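Below is query-v2.csv, which holds CSV, N, CA and C atoms.
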chain,number,residue,atom,x,y,z
O,12,MET,N,0.8,-1.2,0.0
O,12,MET,CA,0.0,0.0,0.0
O,12,MET,C,0.9,1.3,0.0
O,13,LEU,N,1.9,1.3,0.8
O,13,LEU,CA,2.8,2.4,0.9
O,13,LEU,C,3.5,2.6,-0.5
O,14,GLN,N,3.9,1.5,-1.1
O,14,GLN,CA,4.6,1.6,-2.4
O,14,GLN,C,3.7,2.2,-3.5
O,15,SER,N,2.4,1.8,-3.4
O,15,SER,CA,1.5,2.3,-4.4
O,15,SER,C,1.2,3.8,-4.2
O,16,ARG,N,1.3,4.3,-3.0
O,16,ARG,CA,1.1,5.7,-2.7
O,16,ARG,C,2.4,6.5,-3.1
O,17,ILE,N,3.5,5.9,-2.9
O,17,ILE,CA,4.8,6.5,-3.4
O,17,ILE,C,4.8,6.6,-4.9
O,18,LYS,N,4.4,5.5,-5.6
O,18,LYS,CA,4.3,5.5,-7.0
O,18,LYS,C,3.3,6.6,-7.5
O,19,SER,N,2.2,6.7,-6.9
O,19,SER,CA,1.2,7.8,-7.3
O,19,SER,C,1.9,9.2,-7.1
O,20,PHE,N,2.6,9.4,-6.0
O,20,PHE,CA,3.2,10.6,-5.8
O,20,PHE,C,4.3,10.9,-6.9
O,21,LYS,N,5.1,9.9,-7.2
O,21,LYS,CA,6.1,10.0,-8.3
O,21,LYS,C,5.4,10.3,-9.6
O,22,ASP,N,4.3,9.6,-9.9
O,22,ASP,CA,3.6,9.9,-11.2
O,22,ASP,C,3.1,11.3,-11.2
O,23,ALA,N,2.6,11.8,-10.1
O,23,ALA,CA,2.1,13.2,-10.1
O,23,ALA,C,3.3,14.2,-10.3
O,24,ILE,N,4.4,13.9,-9.7
O,24,ILE,CA,5.6,14.8,-10.0
O,24,ILE,C,6.0,14.7,-11.4
O,25,LYS,N,5.9,13.5,-12.0
O,25,LYS,CA,6.3,13.3,-13.4
O,25,LYS,C,5.3,14.1,-14.3
O,26,GLY,N,4.1,14.2,-13.9
O,26,GLY,CA,3.1,15.0,-14.7
O,26,GLY,C,3.4,16.5,-14.6
O,27,VAL,N,3.7,17.0,-13.4
O,27,VAL,CA,4.1,18.4,-13.3
O,27,VAL,C,5.4,18.7,-14.1
O,28,LEU,N,6.4,17.8,-14.0
O,28,LEU,CA,7.6,18.0,-14.8
O,28,LEU,C,7.4,18.0,-16.3
O,29,LEU,N,6.5,17.1,-16.7
O,29,LEU,CA,6.1,17.0,-18.1
O,29,LEU,C,5.5,18.3,-18.6
O,30,ALA,N,4.6,18.8,-17.8
O,30,ALA,CA,3.9,20.1,-18.2
O,30,ALA,C,4.9,21.2,-18.2
O,31,SER,N,5.8,21.3,-17.2
O,31,SER,CA,6.7,22.4,-17.0
O,31,SER,C,7.8,22.4,-18.1
O,32,SER,N,8.0,21.2,-18.7
O,32,SER,CA,9.1,21.1,-19.7
O,32,SER,C,8.5,21.3,-21.1
O,33,SER,N,7.2,21.0,-21.3
O,33,SER,CA,6.6,20.9,-22.6
O,33,SER,C,5.5,21.9,-22.9
O,34,GLU,N,4.9,22.5,-21.9
O,34,GLU,CA,3.8,23.4,-22.1
O,34,GLU,C,4.2,24.9,-21.9
O,35,PHE,N,4.2,25.7,-22.9
O,35,PHE,CA,4.6,27.1,-22.9
O,35,PHE,C,3.8,27.8,-21.8
O,36,ASN,N,2.4,27.7,-21.9
O,36,ASN,CA,1.6,28.4,-20.9
O,36,ASN,C,1.9,28.0,-19.5
O,37,PHE,N,2.2,26.8,-19.2
O,37,PHE,CA,2.5,26.4,-17.9
O,37,PHE,C,3.8,27.1,-17.4
O,38,LYS,N,4.8,27.2,-18.3
O,38,LYS,CA,6.0,28.0,-18.0
O,38,LYS,C,5.7,29.4,-17.7
O,39,ILE,N,4.8,30.0,-18.4
O,39,ILE,CA,4.4,31.4,-18.2
O,39,ILE,C,3.8,31.5,-16.8
O,40,HIS,N,2.9,30.6,-16.4
O,40,HIS,CA,2.3,30.6,-15.1
O,40,HIS,C,3.3,30.4,-14.0
O,41,LEU,N,4.3,29.5,-14.2
O,41,LEU,CA,5.3,29.3,-13.3
O,41,LEU,C,6.2,30.6,-13.0
O,42,VAL,N,6.5,31.3,-14.1
O,42,VAL,CA,7.2,32.6,-14.0
O,42,VAL,C,6.4,33.6,-13.2
O,43,ALA,N,5.1,33.6,-13.5
O,43,ALA,CA,4.2,34.6,-12.7
O,43,ALA,C,4.2,34.2,-11.3
O,44,ALA,N,4.2,32.9,-11.0
O,44,ALA,CA,4.1,32.4,-9.6
O,44,ALA,C,5.4,32.8,-8.9
O,45,ILE,N,6.5,32.6,-9.5
O,45,ILE,CA,7.8,33.0,-8.9
O,45,ILE,C,7.9,34.5,-8.7
O,46,LEU,N,7.4,35.3,-9.7
O,46,LEU,CA,7.4,36.7,-9.5
O,46,LEU,C,6.5,37.1,-8.3
O,47,ALA,N,5.3,36.5,-8.1
O,47,ALA,CA,4.5,36.8,-7.0
O,47,ALA,C,5.1,36.4,-5.7
O,48,VAL,N,5.8,35.3,-5.6
O,48,VAL,CA,6.5,35.0,-4.4
O,48,VAL,C,7.6,36.0,-4.1
O,49,CYS,N,8.4,36.4,-5.1
O,49,CYS,CA,9.5,37.4,-4.9
O,49,CYS,C,8.9,38.7,-4.5
O,50,LEU,N,7.8,39.1,-5.1
O,50,LEU,CA,7.1,40.4,-4.6
O,50,LEU,C,6.6,40.2,-3.2
O,51,GLY,N,6.1,39.1,-2.9
O,51,GLY,CA,5.6,38.9,-1.5
O,51,GLY,C,6.8,39.0,-0.5
O,52,LEU,N,7.9,38.4,-0.8
O,52,LEU,CA,9.1,38.5,0.1
O,52,LEU,C,9.6,39.9,0.1
O,53,PHE,N,9.6,40.6,-1.0
O,53,PHE,CA,10.2,41.9,-1.0
O,53,PHE,C,9.3,42.9,-0.2
O,54,PHE,N,8.0,42.8,-0.4
O,54,PHE,CA,7.1,43.7,0.3
O,54,PHE,C,6.7,43.2,1.7
O,55,LYS,N,7.1,42.0,2.1
O,55,LYS,CA,6.8,41.5,3.4
O,55,LYS,C,5.3,41.5,3.6
O,56,ILE,N,4.6,40.8,2.7
O,56,ILE,CA,3.1,40.8,2.8
O,56,ILE,C,2.7,40.0,4.1
O,57,THR,N,1.4,40.2,4.5
O,57,THR,CA,0.9,39.6,5.7
O,57,THR,C,0.7,38.1,5.5
O,58,MET,N,0.4,37.4,6.6
O,58,MET,CA,0.1,35.9,6.5
O,58,MET,C,-1.1,35.7,5.7
O,59,MET,N,-2.2,36.5,5.8
O,59,MET,CA,-3.4,36.3,5.1
O,59,MET,C,-3.1,36.6,3.6
O,60,GLU,N,-2.3,37.6,3.2
O,60,GLU,CA,-2.0,37.8,1.8
O,60,GLU,C,-1.2,36.6,1.3
O,61,TRP,N,-0.3,36.0,2.1
O,61,TRP,CA,0.5,34.8,1.6
O,61,TRP,C,-0.5,33.7,1.3
O,62,LEU,N,-1.5,33.5,2.2
O,62,LEU,CA,-2.4,32.4,2.0
O,62,LEU,C,-3.2,32.6,0.7
O,63,ILE,N,-3.6,33.9,0.4
O,63,ILE,CA,-4.3,34.2,-0.8
O,63,ILE,C,-3.4,33.9,-2.0
O,64,ILE,N,-2.2,34.4,-1.9
O,64,ILE,CA,-1.2,34.2,-3.1
O,64,ILE,C,-1.0,32.7,-3.3
O,65,ILE,N,-0.7,32.0,-2.3
O,65,ILE,CA,-0.5,30.5,-2.4
O,65,ILE,C,-1.7,29.8,-3.0
O,66,LEU,N,-2.9,30.1,-2.5
O,66,LEU,CA,-4.1,29.5,-3.1
O,66,LEU,C,-4.3,29.9,-4.5
O,67,THR,N,-4.0,31.1,-4.9
O,67,THR,CA,-4.1,31.6,-6.2
O,67,THR,C,-3.1,30.9,-7.2
O,68,ILE,N,-1.9,30.8,-6.7
O,68,ILE,CA,-0.9,30.1,-7.5
O,68,ILE,C,-1.3,28.6,-7.7
O,69,ALA,N,-1.8,28.0,-6.7
O,69,ALA,CA,-2.2,26.6,-6.8
O,69,ALA,C,-3.4,26.5,-7.7
O,70,MET,N,-4.3,27.4,-7.7
O,70,MET,CA,-5.5,27.4,-8.5
O,70,MET,C,-5.1,27.5,-10.0
O,71,VAL,N,-4.3,28.5,-10.3
O,71,VAL,CA,-3.9,28.7,-11.7
O,71,VAL,C,-3.1,27.5,-12.2
O,72,LEU,N,-2.1,27.0,-11.5
O,72,LEU,CA,-1.3,25.9,-11.9
O,72,LEU,C,-2.1,24.6,-12.1
O,73,SER,N,-3.0,24.4,-11.1
O,73,SER,CA,-3.9,23.2,-11.2
O,73,SER,C,-4.8,23.3,-12.4
O,74,ALA,N,-5.4,24.5,-12.7
O,74,ALA,CA,-6.2,24.7,-13.9
O,74,ALA,C,-5.4,24.4,-15.1
O,75,GLU,N,-4.2,24.9,-15.2
O,75,GLU,CA,-3.4,24.6,-16.4
O,75,GLU,C,-3.0,23.2,-16.6
O,76,LEU,N,-2.8,22.5,-15.4
O,76,LEU,CA,-2.5,21.0,-15.5
O,76,LEU,C,-3.7,20.3,-16.0
O,77,ILE,N,-4.9,20.6,-15.5
O,77,ILE,CA,-6.1,19.9,-15.9
O,77,ILE,C,-6.4,20.2,-17.4
O,78,ASN,N,-6.2,21.5,-17.8
O,78,ASN,CA,-6.3,21.8,-19.2
O,78,ASN,C,-5.4,21.0,-20.1
O,79,THR,N,-4.1,20.9,-19.7
O,79,THR,CA,-3.2,20.1,-20.4
O,79,THR,C,-3.6,18.6,-20.5
O,80,ALA,N,-4.1,18.1,-19.4
O,80,ALA,CA,-4.5,16.7,-19.4
O,80,ALA,C,-5.7,16.5,-20.4
O,81,ILE,N,-6.6,17.4,-20.3
O,81,ILE,CA,-7.8,17.3,-21.3
O,81,ILE,C,-7.3,17.4,-22.7
O,82,GLU,N,-6.3,18.3,-23.0
O,82,GLU,CA,-5.8,18.4,-24.4
O,82,GLU,C,-5.1,17.1,-24.8
O,83,TYR,N,-4.3,16.5,-23.9
O,83,TYR,CA,-3.6,15.2,-24.2
O,83,TYR,C,-4.7,14.2,-24.5
O,84,LEU,N,-5.7,14.1,-23.7
O,84,LEU,CA,-6.7,13.1,-23.8
O,84,LEU,C,-7.5,13.3,-25.1
O,85,CYS,N,-7.9,14.5,-25.4
O,85,CYS,CA,-8.6,14.8,-26.6
O,85,CYS,C,-7.8,14.5,-27.9
O,86,ASP,N,-6.5,14.8,-27.8
O,86,ASP,CA,-5.7,14.5,-29.0
O,86,ASP,C,-5.5,13.0,-29.2
O,87,HIS,N,-5.5,12.3,-28.1
O,87,HIS,CA,-5.3,10.8,-28.2
O,87,HIS,C,-6.6,10.2,-28.8
O,88,ILE,N,-7.7,10.7,-28.3
O,88,ILE,CA,-9.0,10.1,-28.7
O,88,ILE,C,-9.3,10.5,-30.1
O,89,HIS,N,-9.1,11.7,-30.5
O,89,HIS,CA,-9.4,12.2,-31.8
O,89,HIS,C,-8.3,13.1,-32.3
O,90,PRO,N,-7.3,12.5,-32.9
O,90,PRO,CA,-6.1,13.3,-33.4
O,90,PRO,C,-6.5,14.4,-34.4
O,91,GLU,N,-7.5,14.1,-35.3
O,91,GLU,CA,-7.9,15.1,-36.3
O,91,GLU,C,-8.8,16.2,-35.6
O,92,LYS,N,-8.8,17.3,-36.3
O,92,LYS,CA,-9.7,18.4,-35.8
O,92,LYS,C,-11.2,17.9,-35.9
O,93,HIS,N,-11.9,18.2,-34.8
O,93,HIS,CA,-13.3,17.9,-34.7
O,93,HIS,C,-14.0,19.0,-33.9
O,94,PRO,N,-15.2,19.4,-34.3
O,94,PRO,CA,-15.9,20.5,-33.7
O,94,PRO,C,-16.1,20.2,-32.2
O,95,SER,N,-16.5,19.0,-31.8
O,95,SER,CA,-16.8,18.7,-30.4
O,95,SER,C,-15.6,18.8,-29.6
O,96,ILE,N,-14.5,18.2,-30.1
O,96,ILE,CA,-13.2,18.2,-29.4
O,96,ILE,C,-12.7,19.6,-29.2
O,97,GLY,N,-12.9,20.4,-30.3
O,97,GLY,CA,-12.5,21.8,-30.2
O,97,GLY,C,-13.3,22.6,-29.1
O,98,LYS,N,-14.6,22.3,-28.9
O,98,LYS,CA,-15.4,22.9,-27.9
O,98,LYS,C,-14.8,22.5,-26.5
O,99,VAL,N,-14.5,21.2,-26.3
O,99,VAL,CA,-14.0,20.7,-25.1
O,99,VAL,C,-12.7,21.4,-24.7
O,100,LYS,N,-11.8,21.5,-25.7
O,100,LYS,CA,-10.5,22.2,-25.5
O,100,LYS,C,-10.7,23.7,-25.2
O,101,ASP,N,-11.7,24.3,-25.9
O,101,ASP,CA,-11.9,25.8,-25.6
O,101,ASP,C,-12.5,26.0,-24.2
O,102,VAL,N,-13.4,25.2,-23.8
O,102,VAL,CA,-13.9,25.3,-22.4
O,102,VAL,C,-12.9,25.1,-21.4
O,103,ALA,N,-12.0,24.1,-21.6
O,103,ALA,CA,-10.9,23.9,-20.6
O,103,ALA,C,-10.0,25.1,-20.6
O,104,ALA,N,-9.7,25.6,-21.8
O,104,ALA,CA,-8.8,26.8,-21.8
O,104,ALA,C,-9.5,28.0,-21.2
O,105,GLY,N,-10.8,28.1,-21.3
O,105,GLY,CA,-11.5,29.2,-20.7
O,105,GLY,C,-11.4,29.1,-19.2
O,106,ALA,N,-11.4,27.9,-18.6
O,106,ALA,CA,-11.2,27.8,-17.2
O,106,ALA,C,-9.9,28.3,-16.7
O,107,VAL,N,-8.9,28.1,-17.5
O,107,VAL,CA,-7.5,28.6,-17.2
O,107,VAL,C,-7.5,30.1,-17.3
O,108,LEU,N,-8.2,30.6,-18.3
O,108,LEU,CA,-8.3,32.1,-18.5
O,108,LEU,C,-8.9,32.8,-17.3
O,109,ILE,N,-10.0,32.2,-16.8
O,109,ILE,CA,-10.7,32.8,-15.7
O,109,ILE,C,-9.8,32.7,-14.4
O,110,ALA,N,-9.1,31.6,-14.2
O,110,ALA,CA,-8.2,31.5,-13.1
O,110,ALA,C,-7.1,32.5,-13.2
O,111,ALA,N,-6.5,32.7,-14.4
O,111,ALA,CA,-5.4,33.6,-14.6
O,111,ALA,C,-5.9,35.1,-14.4
O,112,LEU,N,-7.1,35.4,-15.0
O,112,LEU,CA,-7.6,36.8,-14.8
O,112,LEU,C,-7.9,37.1,-13.3
O,113,GLY,N,-8.4,36.1,-12.6
O,113,GLY,CA,-8.6,36.2,-11.2
O,113,GLY,C,-7.3,36.5,-10.4
O,114,SER,N,-6.3,35.8,-10.9
O,114,SER,CA,-5.0,35.9,-10.2
O,114,SER,C,-4.4,37.3,-10.5
O,115,ILE,N,-4.7,37.9,-11.6
O,115,ILE,CA,-4.2,39.2,-11.9
O,115,ILE,C,-4.9,40.2,-11.0
O,116,VAL,N,-6.2,40.1,-10.9
O,116,VAL,CA,-7.0,41.0,-10.0
O,116,VAL,C,-6.5,40.9,-8.5
O,117,ILE,N,-6.2,39.6,-8.1
O,117,ILE,CA,-5.7,39.4,-6.7
O,117,ILE,C,-4.3,40.1,-6.6
O,118,ALA,N,-3.5,39.9,-7.6
O,118,ALA,CA,-2.1,40.5,-7.6
O,118,ALA,C,-2.2,42.1,-7.5
O,119,ILE,N,-3.1,42.6,-8.2
O,119,ILE,CA,-3.3,44.1,-8.2
O,119,ILE,C,-3.8,44.5,-6.8
O,120,ILE,N,-4.7,43.8,-6.3
O,120,ILE,CA,-5.3,44.2,-4.9
O,120,ILE,C,-4.2,44.1,-3.9
O,121,ILE,N,-3.4,43.0,-3.9
O,121,ILE,CA,-2.4,42.8,-2.9
O,121,ILE,C,-1.1,43.6,-3.1
O,122,PHE,N,-0.6,43.6,-4.3
O,122,PHE,CA,0.7,44.3,-4.5
O,122,PHE,C,0.5,45.8,-5.0
O,123,GLY,N,-0.7,46.1,-5.5
O,123,GLY,CA,-0.9,47.5,-5.9
O,123,GLY,C,-0.5,48.6,-4.9
O,124,PRO,N,-1.1,48.5,-3.7
O,124,PRO,CA,-0.8,49.5,-2.7
O,124,PRO,C,0.7,49.5,-2.3
O,125,HIS,N,1.4,48.3,-2.3
O,125,HIS,CA,2.8,48.3,-2.0
O,125,HIS,C,3.6,49.0,-3.1
O,126,VAL,N,3.3,48.7,-4.3
O,126,VAL,CA,4.0,49.3,-5.4
O,126,VAL,C,3.7,50.8,-5.4
O,127,GLY,N,2.5,51.2,-5.2
O,127,GLY,CA,2.2,52.7,-5.2
O,127,GLY,C,2.9,53.4,-4.1
O,128,HIS,N,3.0,52.8,-2.9
O,128,HIS,CA,3.8,53.4,-1.8
O,128,HIS,C,5.2,53.5,-2.1
O,129,LEU,N,5.8,52.5,-2.8
O,129,LEU,CA,7.2,52.5,-3.2
O,129,LEU,C,7.5,53.6,-4.2
O,130,LEU,N,6.5,53.7,-5.2
O,130,LEU,CA,6.7,54.8,-6.2
O,130,LEU,C,6.6,56.2,-5.5
O,131,MET,N,5.7,56.3,-4.6
O,131,MET,CA,5.5,57.6,-4.0
O,131,MET,C,6.7,58.0,-3.1
O,132,SER,N,7.2,57.0,-2.4
O,132,SER,CA,8.4,57.3,-1.5
O,132,SER,C,9.7,57.5,-2.3
O,133,SER,N,9.7,57.0,-3.5
O,133,SER,CA,11.0,57.2,-4.3
O,133,SER,C,11.0,58.5,-5.1
O,134,SER,N,9.9,59.2,-5.2
O,134,SER,CA,9.8,60.4,-6.0
O,134,SER,C,9.9,61.7,-5.1
As structure tokens, the full file:
Amino acid sequence: MLQSRIKSFKDAIKGVLLASSSEFNFKIHLVAAILAVCLGLFFKITMMEWLIIILTIAMVLSAELINTAIEYLCDHIHPEKHPSIGKVKDVAAGAVLIAALGSIVIAIIIFGPHVGHLLMSSS
């Protein structure tokens, strides 16, 4: 039982590494996540703000991984273009878009005042 759990964990890591090495959008989201963490450290955000940032990062990266899995599955099931498969892919991509837009709003709300204060104090 323990070995099957370890294998599941290794498979999950393999999936994240696959997406991070082959999916351009996942790489963009990873860079954004690293930037958010760096900004959080720089501005010394509160514990609550860290929780929101971490949840937001997890939400966006998870949405991107689910979208990638759906794309792989759709391409395997129906390699040629098909209207229904296109709809499935579009809806999955839409979920990522909503998560990413939400993360931008959260970043503006959390980091905006810090950046504004920094700009005001440097001028």
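Note that the spacing between atom N of Ala104 in chain O and CA of Asn78 in chain O amounts to 5.7 Å.
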Between atom N of Ala30 in chain O and atom C of Ile109 in chain O, what is the spacing in Å?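 Calculated distance between atom C of Ile109 in chain O and atom N of Ala30 in chain O is 20.3 Å.
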Of the candidates O:Phe122, O:Ser132, O:Asp86, O:Met70, which shows the shortest atom-to-atom distance to Gly51 in chain O, using all atoms listed in the file? O:Phe122
Selected residue of minimal separation from Leu108 in chain O among O:Ser95, O:Gln14, O:Ser133, O:Asn36, counting only C-alpha atoms: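 Of O:Ser95, O:Gln14, O:Ser133, O:Asn36, the one nearest Leu108 in chain O, counting only C-alpha atoms, is O:Asn36.
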Could you please determine the separation between CA of His128 in chain O and atom C of Ala44 in chain O in Å, to one decimal place? 21.8 Å
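Of the listed residues (O:Phe54, O:Asp22, O:Glu82, O:Ile64), O:Ile64 comes nearest to Ala118 in chain O; the distances count only C-alpha atoms.
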